[in-house]
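What follows is the content of entry.txt, which has compact mmCIF, N, CA and C atoms:
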```txt
# COMPACT_ATOMS: atom_id res chain seq x y z
N MET L 380 -41.06 -3.83 26.78
CA MET L 380 -40.43 -3.87 25.48
C MET L 380 -39.91 -5.29 25.27
N SER L 381 -40.21 -5.86 24.11
CA SER L 381 -39.75 -7.21 23.82
C SER L 381 -38.27 -7.18 23.43
N GLY L 382 -37.66 -8.33 23.35
CA GLY L 382 -36.25 -8.42 22.98
C GLY L 382 -35.98 -7.88 21.59
N ASN L 383 -36.90 -8.16 20.65
CA ASN L 383 -36.72 -7.68 19.28
C ASN L 383 -36.78 -6.16 19.21
N GLN L 384 -37.69 -5.54 19.97
CA GLN L 384 -37.79 -4.09 19.95
C GLN L 384 -36.51 -3.46 20.50
N GLY L 385 -36.01 -4.02 21.57
CA GLY L 385 -34.76 -3.51 22.14
C GLY L 385 -33.60 -3.65 21.18
N ARG L 386 -33.55 -4.78 20.48
CA ARG L 386 -32.48 -5.02 19.52
C ARG L 386 -32.58 -4.02 18.37
N ARG L 387 -33.80 -3.79 17.85
CA ARG L 387 -33.98 -2.84 16.75
C ARG L 387 -33.57 -1.43 17.17
N GLN L 388 -33.87 -1.06 18.38
CA GLN L 388 -33.51 0.27 18.85
C GLN L 388 -32.01 0.42 18.99
N SER L 389 -31.34 -0.62 19.36
CA SER L 389 -29.90 -0.51 19.60
C SER L 389 -29.06 -0.77 18.35
N GLU L 390 -29.66 -1.30 17.27
CA GLU L 390 -28.88 -1.62 16.08
C GLU L 390 -28.20 -0.41 15.47
N GLY L 391 -28.86 0.73 15.47
CA GLY L 391 -28.27 1.92 14.88
C GLY L 391 -27.33 2.66 15.80
N THR L 392 -27.27 2.28 17.05
CA THR L 392 -26.44 2.97 18.02
C THR L 392 -25.16 2.16 18.25
N PRO L 393 -24.02 2.73 17.95
CA PRO L 393 -22.78 1.99 18.19
C PRO L 393 -22.55 1.77 19.68
N ARG L 394 -21.93 0.67 19.99
CA ARG L 394 -21.57 0.40 21.38
C ARG L 394 -20.55 1.42 21.84
N PRO L 395 -20.56 1.73 23.11
CA PRO L 395 -19.54 2.65 23.62
C PRO L 395 -18.15 2.08 23.36
N GLY L 396 -17.28 2.90 22.80
CA GLY L 396 -15.90 2.47 22.57
C GLY L 396 -15.69 1.77 21.24
N SER L 397 -16.75 1.43 20.50
CA SER L 397 -16.56 0.69 19.25
C SER L 397 -15.85 1.53 18.20
N ARG L 398 -16.08 2.83 18.19
CA ARG L 398 -15.43 3.69 17.21
C ARG L 398 -13.92 3.72 17.45
N SER L 399 -13.50 3.80 18.70
CA SER L 399 -12.07 3.81 18.98
C SER L 399 -11.44 2.46 18.67
N ASN L 400 -12.18 1.38 18.90
CA ASN L 400 -11.67 0.05 18.54
C ASN L 400 -11.50 -0.06 17.04
N ASN L 401 -12.43 0.51 16.28
CA ASN L 401 -12.35 0.48 14.83
C ASN L 401 -11.14 1.29 14.35
N ARG L 402 -10.93 2.46 14.96
CA ARG L 402 -9.75 3.27 14.60
C ARG L 402 -8.46 2.53 14.92
N ARG L 403 -8.44 1.85 16.05
CA ARG L 403 -7.25 1.10 16.44
C ARG L 403 -6.98 -0.02 15.43
N ALA L 404 -8.04 -0.72 15.04
CA ALA L 404 -7.89 -1.81 14.07
C ALA L 404 -7.40 -1.27 12.73
N THR L 405 -7.93 -0.13 12.32
CA THR L 405 -7.51 0.49 11.07
C THR L 405 -6.04 0.90 11.15
N ALA L 406 -5.65 1.48 12.26
CA ALA L 406 -4.25 1.89 12.44
C ALA L 406 -3.33 0.68 12.43
N GLN L 407 -3.75 -0.40 13.06
CA GLN L 407 -2.94 -1.62 13.07
C GLN L 407 -2.80 -2.20 11.67
N LEU L 408 -3.89 -2.20 10.91
CA LEU L 408 -3.83 -2.69 9.54
C LEU L 408 -2.94 -1.79 8.68
N ARG L 409 -3.03 -0.50 8.88
CA ARG L 409 -2.18 0.44 8.13
C ARG L 409 -0.71 0.20 8.46
N ASP L 410 -0.39 0.00 9.75
CA ASP L 410 0.99 -0.29 10.15
C ASP L 410 1.48 -1.59 9.52
N ARG L 411 0.60 -2.59 9.51
CA ARG L 411 0.96 -3.88 8.89
C ARG L 411 1.22 -3.70 7.40
N ALA L 412 0.37 -2.93 6.73
CA ALA L 412 0.54 -2.68 5.30
C ALA L 412 1.86 -1.97 5.04
N VAL L 413 2.22 -1.00 5.87
CA VAL L 413 3.50 -0.30 5.72
C VAL L 413 4.65 -1.29 5.84
N ARG L 414 4.59 -2.15 6.85
CA ARG L 414 5.66 -3.16 7.02
C ARG L 414 5.74 -4.08 5.80
N GLU L 415 4.59 -4.53 5.31
CA GLU L 415 4.59 -5.44 4.16
C GLU L 415 5.03 -4.72 2.89
N PHE L 416 4.67 -3.45 2.73
CA PHE L 416 5.14 -2.67 1.58
C PHE L 416 6.66 -2.51 1.64
N ASN L 417 7.19 -2.22 2.83
CA ASN L 417 8.64 -2.08 2.97
C ASN L 417 9.36 -3.37 2.63
N ALA L 418 8.83 -4.48 3.13
CA ALA L 418 9.45 -5.79 2.86
C ALA L 418 9.37 -6.12 1.37
N ALA L 419 8.23 -5.86 0.74
CA ALA L 419 8.07 -6.13 -0.70
C ALA L 419 9.02 -5.28 -1.52
N THR L 420 9.19 -4.03 -1.11
CA THR L 420 10.11 -3.14 -1.82
C THR L 420 11.54 -3.66 -1.72
N GLN L 421 11.94 -4.06 -0.52
CA GLN L 421 13.30 -4.58 -0.33
C GLN L 421 13.53 -5.86 -1.12
N ARG L 422 12.54 -6.76 -1.11
CA ARG L 422 12.68 -8.00 -1.89
C ARG L 422 12.80 -7.68 -3.38
N GLY L 423 11.95 -6.79 -3.86
CA GLY L 423 11.95 -6.46 -5.28
C GLY L 423 13.22 -5.75 -5.72
N LEU L 424 13.68 -4.82 -4.92
CA LEU L 424 14.89 -4.08 -5.27
C LEU L 424 16.14 -4.94 -5.16
N ALA L 425 16.10 -5.94 -4.30
CA ALA L 425 17.21 -6.90 -4.15
C ALA L 425 18.56 -6.20 -4.00
N GLY L 426 18.60 -5.21 -3.13
CA GLY L 426 19.87 -4.54 -2.83
C GLY L 426 20.18 -3.33 -3.69
N VAL L 427 19.40 -3.05 -4.71
CA VAL L 427 19.64 -1.87 -5.54
C VAL L 427 19.07 -0.66 -4.80
N PRO L 428 19.92 0.32 -4.48
CA PRO L 428 19.42 1.49 -3.74
C PRO L 428 18.62 2.44 -4.63
N VAL L 429 17.73 3.18 -4.01
CA VAL L 429 16.96 4.21 -4.70
C VAL L 429 17.74 5.51 -4.56
N GLY L 430 17.96 6.18 -5.67
CA GLY L 430 18.72 7.43 -5.67
C GLY L 430 18.04 8.53 -4.87
N GLU L 431 18.85 9.46 -4.39
CA GLU L 431 18.34 10.55 -3.56
C GLU L 431 17.24 11.36 -4.24
N GLU L 432 17.44 11.68 -5.53
CA GLU L 432 16.43 12.48 -6.23
C GLU L 432 15.15 11.69 -6.48
N THR L 433 15.22 10.37 -6.42
CA THR L 433 14.07 9.51 -6.68
C THR L 433 13.28 9.21 -5.41
N GLN L 434 13.93 9.27 -4.26
CA GLN L 434 13.28 8.88 -3.01
C GLN L 434 11.97 9.62 -2.74
N PRO L 435 11.89 10.95 -2.87
CA PRO L 435 10.61 11.62 -2.58
C PRO L 435 9.48 11.16 -3.50
N VAL L 436 9.79 10.95 -4.76
CA VAL L 436 8.77 10.52 -5.72
C VAL L 436 8.33 9.08 -5.41
N PHE L 437 9.30 8.25 -5.06
CA PHE L 437 8.99 6.86 -4.72
C PHE L 437 8.15 6.78 -3.44
N VAL L 438 8.50 7.59 -2.46
CA VAL L 438 7.72 7.62 -1.21
C VAL L 438 6.30 8.09 -1.49
N GLN L 439 6.15 9.10 -2.32
CA GLN L 439 4.82 9.58 -2.70
C GLN L 439 4.04 8.48 -3.41
N PHE L 440 4.68 7.73 -4.27
CA PHE L 440 4.08 6.59 -4.97
C PHE L 440 3.57 5.56 -3.96
N LEU L 441 4.40 5.25 -2.96
CA LEU L 441 4.03 4.28 -1.92
C LEU L 441 2.87 4.80 -1.07
N HIS L 442 2.93 6.06 -0.68
CA HIS L 442 1.85 6.64 0.14
C HIS L 442 0.53 6.64 -0.62
N GLY L 443 0.59 6.98 -1.89
CA GLY L 443 -0.63 6.95 -2.71
C GLY L 443 -1.23 5.55 -2.76
N GLY L 444 -0.37 4.55 -2.91
CA GLY L 444 -0.85 3.16 -2.92
C GLY L 444 -1.43 2.75 -1.59
N LEU L 445 -0.79 3.17 -0.52
CA LEU L 445 -1.30 2.85 0.82
C LEU L 445 -2.65 3.50 1.05
N ASN L 446 -2.78 4.76 0.68
CA ASN L 446 -4.06 5.45 0.85
C ASN L 446 -5.16 4.82 0.02
N GLU L 447 -4.84 4.44 -1.20
CA GLU L 447 -5.82 3.79 -2.07
C GLU L 447 -6.23 2.42 -1.50
N LEU L 448 -5.27 1.68 -0.99
CA LEU L 448 -5.56 0.39 -0.36
C LEU L 448 -6.49 0.57 0.82
N MET L 449 -6.19 1.53 1.67
CA MET L 449 -6.99 1.72 2.88
C MET L 449 -8.39 2.26 2.56
N ALA L 450 -8.60 2.77 1.36
CA ALA L 450 -9.90 3.32 0.99
C ALA L 450 -10.88 2.26 0.49
N VAL L 451 -10.39 1.05 0.16
CA VAL L 451 -11.30 0.01 -0.32
C VAL L 451 -12.09 -0.57 0.84
N SER L 452 -13.17 -1.26 0.52
CA SER L 452 -14.06 -1.76 1.58
C SER L 452 -13.39 -2.83 2.45
N ASP L 453 -12.50 -3.64 1.89
CA ASP L 453 -11.83 -4.69 2.68
C ASP L 453 -10.33 -4.68 2.38
N PRO L 454 -9.61 -3.70 2.94
CA PRO L 454 -8.19 -3.57 2.61
C PRO L 454 -7.36 -4.79 2.99
N GLU L 455 -7.74 -5.47 4.06
CA GLU L 455 -6.97 -6.64 4.49
C GLU L 455 -7.00 -7.74 3.42
N ALA L 456 -8.14 -7.91 2.78
CA ALA L 456 -8.26 -8.93 1.75
C ALA L 456 -7.46 -8.57 0.50
N ARG L 457 -7.27 -7.28 0.24
CA ARG L 457 -6.56 -6.83 -0.95
C ARG L 457 -5.07 -6.58 -0.72
N LEU L 458 -4.62 -6.66 0.56
CA LEU L 458 -3.22 -6.40 0.88
C LEU L 458 -2.26 -7.34 0.14
N PRO L 459 -2.52 -8.64 0.04
CA PRO L 459 -1.59 -9.50 -0.71
C PRO L 459 -1.44 -9.08 -2.18
N GLU L 460 -2.52 -8.68 -2.80
CA GLU L 460 -2.47 -8.23 -4.19
C GLU L 460 -1.61 -6.97 -4.31
N ALA L 461 -1.82 -6.03 -3.40
CA ALA L 461 -1.05 -4.78 -3.42
C ALA L 461 0.43 -5.07 -3.19
N THR L 462 0.73 -5.93 -2.24
CA THR L 462 2.12 -6.28 -1.93
C THR L 462 2.78 -6.96 -3.12
N HIS L 463 2.07 -7.88 -3.74
CA HIS L 463 2.59 -8.58 -4.92
C HIS L 463 2.89 -7.58 -6.05
N ASN L 464 1.95 -6.67 -6.30
CA ASN L 464 2.14 -5.67 -7.35
C ASN L 464 3.34 -4.78 -7.06
N LEU L 465 3.50 -4.39 -5.81
CA LEU L 465 4.63 -3.54 -5.43
C LEU L 465 5.96 -4.28 -5.60
N GLU L 466 5.99 -5.53 -5.19
CA GLU L 466 7.24 -6.30 -5.33
C GLU L 466 7.63 -6.43 -6.80
N GLY L 467 6.65 -6.66 -7.65
CA GLY L 467 6.94 -6.75 -9.09
C GLY L 467 7.43 -5.42 -9.64
N PHE L 468 6.82 -4.33 -9.22
CA PHE L 468 7.24 -3.00 -9.66
C PHE L 468 8.67 -2.74 -9.22
N ALA L 469 8.97 -3.01 -7.96
CA ALA L 469 10.33 -2.79 -7.43
C ALA L 469 11.34 -3.67 -8.16
N SER L 470 10.95 -4.89 -8.47
CA SER L 470 11.83 -5.79 -9.22
C SER L 470 12.13 -5.23 -10.61
N ASN L 471 11.10 -4.68 -11.25
CA ASN L 471 11.31 -4.06 -12.56
C ASN L 471 12.26 -2.86 -12.46
N LEU L 472 12.15 -2.10 -11.36
CA LEU L 472 13.10 -0.99 -11.15
C LEU L 472 14.53 -1.51 -11.06
N ALA L 473 14.72 -2.58 -10.30
CA ALA L 473 16.06 -3.14 -10.13
C ALA L 473 16.61 -3.68 -11.44
N VAL L 474 15.78 -4.40 -12.18
CA VAL L 474 16.22 -4.98 -13.46
C VAL L 474 16.63 -3.87 -14.43
N GLU L 475 15.82 -2.85 -14.53
CA GLU L 475 16.13 -1.76 -15.47
C GLU L 475 17.37 -0.98 -15.01
N THR L 476 17.52 -0.79 -13.72
CA THR L 476 18.70 -0.09 -13.20
C THR L 476 19.96 -0.88 -13.54
N ARG L 477 19.92 -2.20 -13.35
CA ARG L 477 21.08 -3.04 -13.69
C ARG L 477 21.32 -3.05 -15.20
N ARG L 478 20.24 -3.12 -15.98
CA ARG L 478 20.37 -3.15 -17.44
C ARG L 478 21.08 -1.90 -17.94
N ARG L 479 20.79 -0.77 -17.31
CA ARG L 479 21.43 0.49 -17.69
C ARG L 479 22.78 0.69 -17.01
N SER L 480 23.23 -0.27 -16.24
CA SER L 480 24.51 -0.21 -15.51
C SER L 480 24.60 1.01 -14.60
N LEU L 481 23.51 1.28 -13.90
CA LEU L 481 23.47 2.42 -12.98
C LEU L 481 23.70 1.93 -11.55
N ALA L 482 24.19 2.83 -10.70
CA ALA L 482 24.44 2.48 -9.30
C ALA L 482 23.17 2.54 -8.46
N THR L 483 22.23 3.40 -8.84
CA THR L 483 21.00 3.57 -8.07
C THR L 483 19.81 3.70 -9.03
N VAL L 484 18.62 3.52 -8.48
CA VAL L 484 17.40 3.76 -9.25
C VAL L 484 17.28 5.28 -9.43
N THR L 485 17.35 5.72 -10.67
CA THR L 485 17.26 7.15 -10.96
C THR L 485 15.80 7.54 -11.22
N LEU L 486 15.59 8.82 -11.24
CA LEU L 486 14.26 9.33 -11.53
C LEU L 486 13.82 8.93 -12.93
N ALA L 487 14.76 8.90 -13.87
CA ALA L 487 14.45 8.49 -15.25
C ALA L 487 14.00 7.03 -15.29
N VAL L 488 14.67 6.17 -14.54
CA VAL L 488 14.29 4.75 -14.49
C VAL L 488 12.92 4.61 -13.84
N PHE L 489 12.72 5.29 -12.72
CA PHE L 489 11.44 5.22 -12.01
C PHE L 489 10.30 5.66 -12.93
N THR L 490 10.48 6.78 -13.61
CA THR L 490 9.45 7.31 -14.49
C THR L 490 9.17 6.35 -15.65
N ALA L 491 10.20 5.79 -16.23
CA ALA L 491 10.03 4.86 -17.36
C ALA L 491 9.27 3.61 -16.92
N ILE L 492 9.63 3.05 -15.79
CA ILE L 492 8.96 1.84 -15.30
C ILE L 492 7.52 2.16 -14.90
N ARG L 493 7.30 3.29 -14.27
CA ARG L 493 5.94 3.67 -13.88
C ARG L 493 5.07 3.85 -15.13
N GLU L 494 5.58 4.53 -16.14
CA GLU L 494 4.81 4.74 -17.36
C GLU L 494 4.54 3.43 -18.09
N HIS L 495 5.47 2.51 -18.03
CA HIS L 495 5.31 1.21 -18.68
C HIS L 495 4.36 0.30 -17.91
N THR L 496 4.37 0.40 -16.58
CA THR L 496 3.63 -0.53 -15.72
C THR L 496 2.22 -0.07 -15.40
N CYS L 497 2.02 1.22 -15.21
CA CYS L 497 0.71 1.73 -14.79
C CYS L 497 -0.32 1.58 -15.91
N PRO L 498 -1.55 1.25 -15.56
CA PRO L 498 -2.12 1.19 -14.22
C PRO L 498 -1.71 -0.06 -13.46
N LEU L 499 -1.39 0.13 -12.20
CA LEU L 499 -0.98 -0.95 -11.31
C LEU L 499 -1.64 -0.68 -9.95
N TRP L 500 -2.69 -1.42 -9.67
CA TRP L 500 -3.45 -1.20 -8.44
C TRP L 500 -2.60 -1.52 -7.24
N PRO L 501 -2.63 -0.79 -6.18
CA PRO L 501 -3.33 0.46 -5.90
C PRO L 501 -2.45 1.69 -6.10
N PHE L 502 -1.35 1.53 -6.77
CA PHE L 502 -0.33 2.59 -6.82
C PHE L 502 -0.56 3.62 -7.92
N CYS L 503 -1.11 3.19 -9.00
CA CYS L 503 -1.37 4.13 -10.11
C CYS L 503 -2.41 3.54 -11.05
```
Translate the structure of the given file into structure tokens.
Amino acid sequence: MSGNQGRRQSEGTPRPGSRSNNRRATAQLRDRAVREFNAATQRGLAGVPVGEETQPVFVQFLHGGLNELMAVSDPEARLPEATHNLEGFASNLAVETRRRSLATVTLAVFTAIREHTCPLWPFC
């Protein structure tokens, strides 16, 4: 068997362990995205807390964005865009919360900003 024939035969067969390495890399990228999403949220909110009734909806919003990011063909390349969009969204939440003289981001503020901002990749 020539070198080319051997290469053609092995091209469709993954190397042993490559699938687990790919899962590990995906998990590491997902963990990194979570850290960057958390940091972007904190920067955008600038100390304005999210109200208790808003937290589950906000977490669902973040998870949806994370899942959508991880579903694209090159999530690492799109992570800065997603992080930037999230920071801007969180900043809008903080600005509107302060404008309304509220102590926390309420569900009404979250809903109003989401309706005004969406579509906002990858979150909505």
- Got a sec: who's within 10 Å of Glu466 (chain L), counting only C-alpha atoms, leaving out chain neighbours fewer than 2 positions off, as a list in words? Glu415, Phe416, Asn417, Ala418, Ala419, Thr420, Gln421, Arg422, Gly423, Leu424, Glu460, Ala461, Thr462, His463, Asn464, Phe468, Ala469, Ser470, Asn471 and Leu472 of chain L
- Measuring atom to atom with all atoms listed in the file, identify which of L:Leu445, L:Val429, L:Cys503, L:Leu408 is nearest to Ala482 (chain L). L:Val429
- Pick from L:Val413, L:Cys497, L:Ala406, L:Val427, whichever lies nearest to Ser480 (chain L) using only C-alpha atoms: L:Val427
- Have a look at L:Val484, L:Ala456, L:Phe489, L:Val451 and name the one nearest to Glu431 (chain L); count only C-alpha atoms.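 Among the listed residues, the smallest separation from Glu431 (chain L) belongs to L:Val484.
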- Query: Please, what distance in Å, to one decimal, runs between atom C of Arg457 (chain L) and atom N of Pro501 (chain L)?
  - Reply: 8.3 Å
- Task: Using DSSP on the backbone, list every residue of region 383-496 of chain L that comes out as helix (DSSP H, G or I), and give them as number ranges by chain.
- Result: L: 383-390, 397-424, 434-450, 454-478, 486-496
- Query: Could you work out how far atom C of Ala487 (chain L) lies from atom C of Val474 (chain L), giving the answer in Å with one decimal?
  - Reply: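 It comes out at 11.2 Å.
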- Task: Please provide as a ChimeraX atom specification all residues within 8 Å of Phe502 (chain L), with the sequence filter that same-chain residues fewer than 2 positions apart are discarded (counting all atoms listed in the file).
- Result: /L:440-445,447-448,461,464-465,497-500
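Between atom N of Thr490 (chain L) and atom N of Pro454 (chain L) the interatomic distance comes to 28.1 Å.
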Show me, as JSON, the centre and edge lengths in Å to one decimal of the axis-aligned box that covers every listed atom of region 484-489 of chain L with 6 Å on each side.
```
{"center_x": 14.5, "center_y": 6.4, "center_z": -11.9, "size_x": 20.3, "size_y": 17.8, "size_z": 18.8}
```
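The nearest approach to Leu486 (chain L) among the residues L:Asn400, L:Gln439, L:Gln434, L:Thr405, with only N, CA and C atoms taken into account, belongs to L:Gln434.
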